[in-house]
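> Below are the structure tokens for one structure; questions will follow.
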Amino acid sequence: MPAFDSSTVTFDLPDRGRLAGVRLYQEVGLRTLDFEPVAGGWRLVTARPPVSRMEYLFELLHRDGNRETVLDPGNARRVAGVFGDKSVLEFEDYAPPGWLAEPPREGHRSGTAGRPEVSWWSPEAGDEPLPLLLVHDGPEYDALASLTHYVSAGIAAGRLPRLRVALLHPGERNGSYSVNDDYADALAALARETPATVRIGMGTSLGALAMLHAHRRHPDLADALFLQSGSFFTDAFDRHERRFPGYARITAFVEEVGRGDPVRPVPVALTCGGAEENLRNNRSMAEILDAQGYKVTFRETRDVHNYTAWRDAFHPSLTRLLQEVCA
């Protein structure tokens with residue numbers, strides 16, 4: 001298990017001479033990443049990052065020149081992600097959300113094909129109009145961030161109203177979520193066809209961007225927005241993303257939002273990791289929407305761009321938004 005104190009973190013990897021080098025793979029902004037050889041293996045002493053938890057891997061350089069990325073064999077803590085498992089180090093100020101220990105309500109699940117494909121969760125079977133949570137990357141949110149557990153435990157405990165969740169499958173994600181008018185139109189059509197008392201749009205990263213774009217194109221789509229680590233790229237902050245195929249469309253849309261009039265200001269809650277690259281463009285978007293009359297709350301978390309960070313920010317940010325809009 002890695003050791004840490006108030007200023008440093010120490011990683012160790014045993015080795016019997018089979019490796020030519022070891023490097024830390026991480027996304028928390030550390031600069032010292034290369035391990036040094038020590039008796040019996042390799043060691044890295046690096047600055048403690050400004051986060052409460054960090055996910056990481058070891059990149060191994062074998063003597064034959066081949067490279068391999070592995071979990072830390074000395075750390076039994078693992079976390080699942082879109083691109084596979086990672087080792088995770090939790091610092092003393094980290095605590096998982098309390099609702100994870102609460103028993104979830106079973107609920108009713110179903111699915112519909114089409115564009116977008118949807119997996120539905122409801123507190124029980126039936127077509128009664130309920131508040132509707134429209135969630136981009138829904139299956140991933142559910143599997144990796146326990147979204148329906150959060151909702152069902154909240155309903156059972158009385159924190160949340162009874163509501164229905166539309167877990168929207170991403171499909172060809174980069175194309176659909178990168179300011180795609182056809183996709184926004186399809187999402188709006190789905191929303192209008194679904195009985196609901198109010199609708200709340202939710203997404204993360206490109207999914208947050210796509211939900212904001214759909215709202216600006218179809219002002220009646222959602223009565224509130226919950227946007228996490230949105231990919232609100234601008235030339236001022238995100239030139240490193242310019243090779244992304246949708247970069248030009250995204251920056252043009254964000255610029256248009258900045259200079260445009262509010263189409264229908266709704267309550268918006270944004271969250272973003274304090275150590276992630278999207279922080280500056282999320283701060284900027286929060287300021288833009290606030291200036292346009294949206295009721296904005298913005299929370300910076302001590303984490304980066306991953307589903308555990310997004311899960312940990314559901315409460316109180318999403319909880320308060322749902323309580324407000326569904327009252």
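In the structure tokens, chains take letters A, B, ... by order of appearance, with residues numbered from 1 within each chain and ligands from 1 in the order shown.
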Could you list, as an NGL selection string, every residue within 12 Å of region 281-284 of chain A, counting only C-alpha atoms and ignoring same-chain residues fewer than 3 positions away?
:A and (204-205 or 208-209 or 227-239 or 250-251 or 254-255 or 257-258 or 269-274 or 276-278 or 287-291 or 296-300)
> Find the spatial neighbours of Glu117 (chain A), counting only C-alpha atoms, within a cut-off of 7 Å - ignore same-chain residues fewer than 2 positions away - and output them as a ChimeraX atom specification.
/A:112-115,168-169
> Show which residues sit within 7 Å of region 30-33 of chain A, as a VMD selection string. Count only C-alpha atoms, and ignore same-chain residues fewer than 5 positions away.
chain A and resid 23 to 24 46 49
> Would you list the contacts of region 185-200 of chain A as a list in words, taking every protein, DNA or RNA residue within 8 Å and counting only C-alpha atoms, but skipping same-chain residues closer than 4 positions in sequence?
Arg115, Pro116, Asp127, Glu128, Pro129, Leu130, Pro131, Leu132, Leu133, Leu134, Asp181, Ala214, His218, Leu221, Ala222, Asp223, Ala224, Leu225, Phe226, Leu322, Val325 and Cys326 of chain A
> Between A:Leu60, A:Ala153, A:Val70, A:Leu89, which one has atoms that come closest to Phe11 (chain A), using only C-alpha atoms?
A:Leu89
> Which distance in Å separates CA of Arg249 (chain A) and CA of Asn180 (chain A), to one decimal?
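We find that CA of Arg249 (chain A) and CA of Asn180 (chain A) lie 8.7 Å from each other.
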> What does the structure give for the distance between CA of Arg48 (chain A) and CA of Ser317 (chain A), in Å to one decimal?
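The value is 27.2 Å.
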> Expressed in Å to a single decimal, how great is the separation between CA of Asp261 (chain A) and CA of Phe244 (chain A)?
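Calculated distance between CA of Asp261 (chain A) and CA of Phe244 (chain A) is 27.8 Å.
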> Quick one: of A:His136, A:Thr148, A:Pro219, A:Arg162, who's nearest to Gly201 (chain A), counting only C-alpha atoms?
A:His136
> Could you check the closest approach to Ala101 (chain A) for each of A:His149, A:Arg53, A:Arg43, A:Arg243 and tell me which residue wins, using only C-alpha atoms?
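That would be A:His149, the residue with the smallest distance to Ala101 (chain A).
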> So that I can see what lies close to Tyr150 (chain A), please list as a list in words the residues with an atom at most 9 Å from it, counting only C-alpha atoms and leaving out residues fewer than 6 positions away in the same chain.
Trp99, Leu100, Glu102, Pro104, Arg311, Phe314 and His315 of chain A
> Restricting the output to N, CA and C atoms, write the selected residues as a PDB file, in the first residue's frame.

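Okay, this is what ended up in out37.pdb:
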```pdb
ATOM      1  N   TRP A  99     -25.035   7.493   1.590  1.00  0.00           N
ATOM      2  CA  TRP A  99     -26.158   6.765   0.988  1.00  0.00           C
ATOM      3  C   TRP A  99     -25.747   5.410   0.417  1.00  0.00           C
ATOM      4  N   LEU A 100     -24.440   5.215   0.173  1.00  0.00           N
ATOM      5  CA  LEU A 100     -23.995   3.912  -0.339  1.00  0.00           C
ATOM      6  C   LEU A 100     -24.273   2.785   0.649  1.00  0.00           C
ATOM      7  N   GLU A 102     -26.908   2.667   2.540  1.00  0.00           N
ATOM      8  CA  GLU A 102     -28.348   2.505   2.709  1.00  0.00           C
ATOM      9  C   GLU A 102     -28.876   1.474   1.713  1.00  0.00           C
ATOM     10  N   PRO A 104     -30.844  -0.061  -1.184  1.00  0.00           N
ATOM     11  CA  PRO A 104     -31.595   0.521  -2.305  1.00  0.00           C
ATOM     12  C   PRO A 104     -32.974  -0.114  -2.432  1.00  0.00           C
ATOM     13  N   ARG A 311     -20.044  10.420  -8.710  1.00  0.00           N
ATOM     14  CA  ARG A 311     -20.935   9.781  -7.722  1.00  0.00           C
ATOM     15  C   ARG A 311     -20.905  10.524  -6.393  1.00  0.00           C
ATOM     16  N   PHE A 314     -23.145  13.646  -6.062  1.00  0.00           N
ATOM     17  CA  PHE A 314     -24.606  13.626  -6.177  1.00  0.00           C
ATOM     18  C   PHE A 314     -25.254  14.342  -4.987  1.00  0.00           C
ATOM     19  N   HIS A 315     -24.743  14.026  -3.807  1.00  0.00           N
ATOM     20  CA  HIS A 315     -25.287  14.640  -2.598  1.00  0.00           C
ATOM     21  C   HIS A 315     -24.247  15.582  -2.005  1.00  0.00           C
TER      22      HIS A 315
END
```
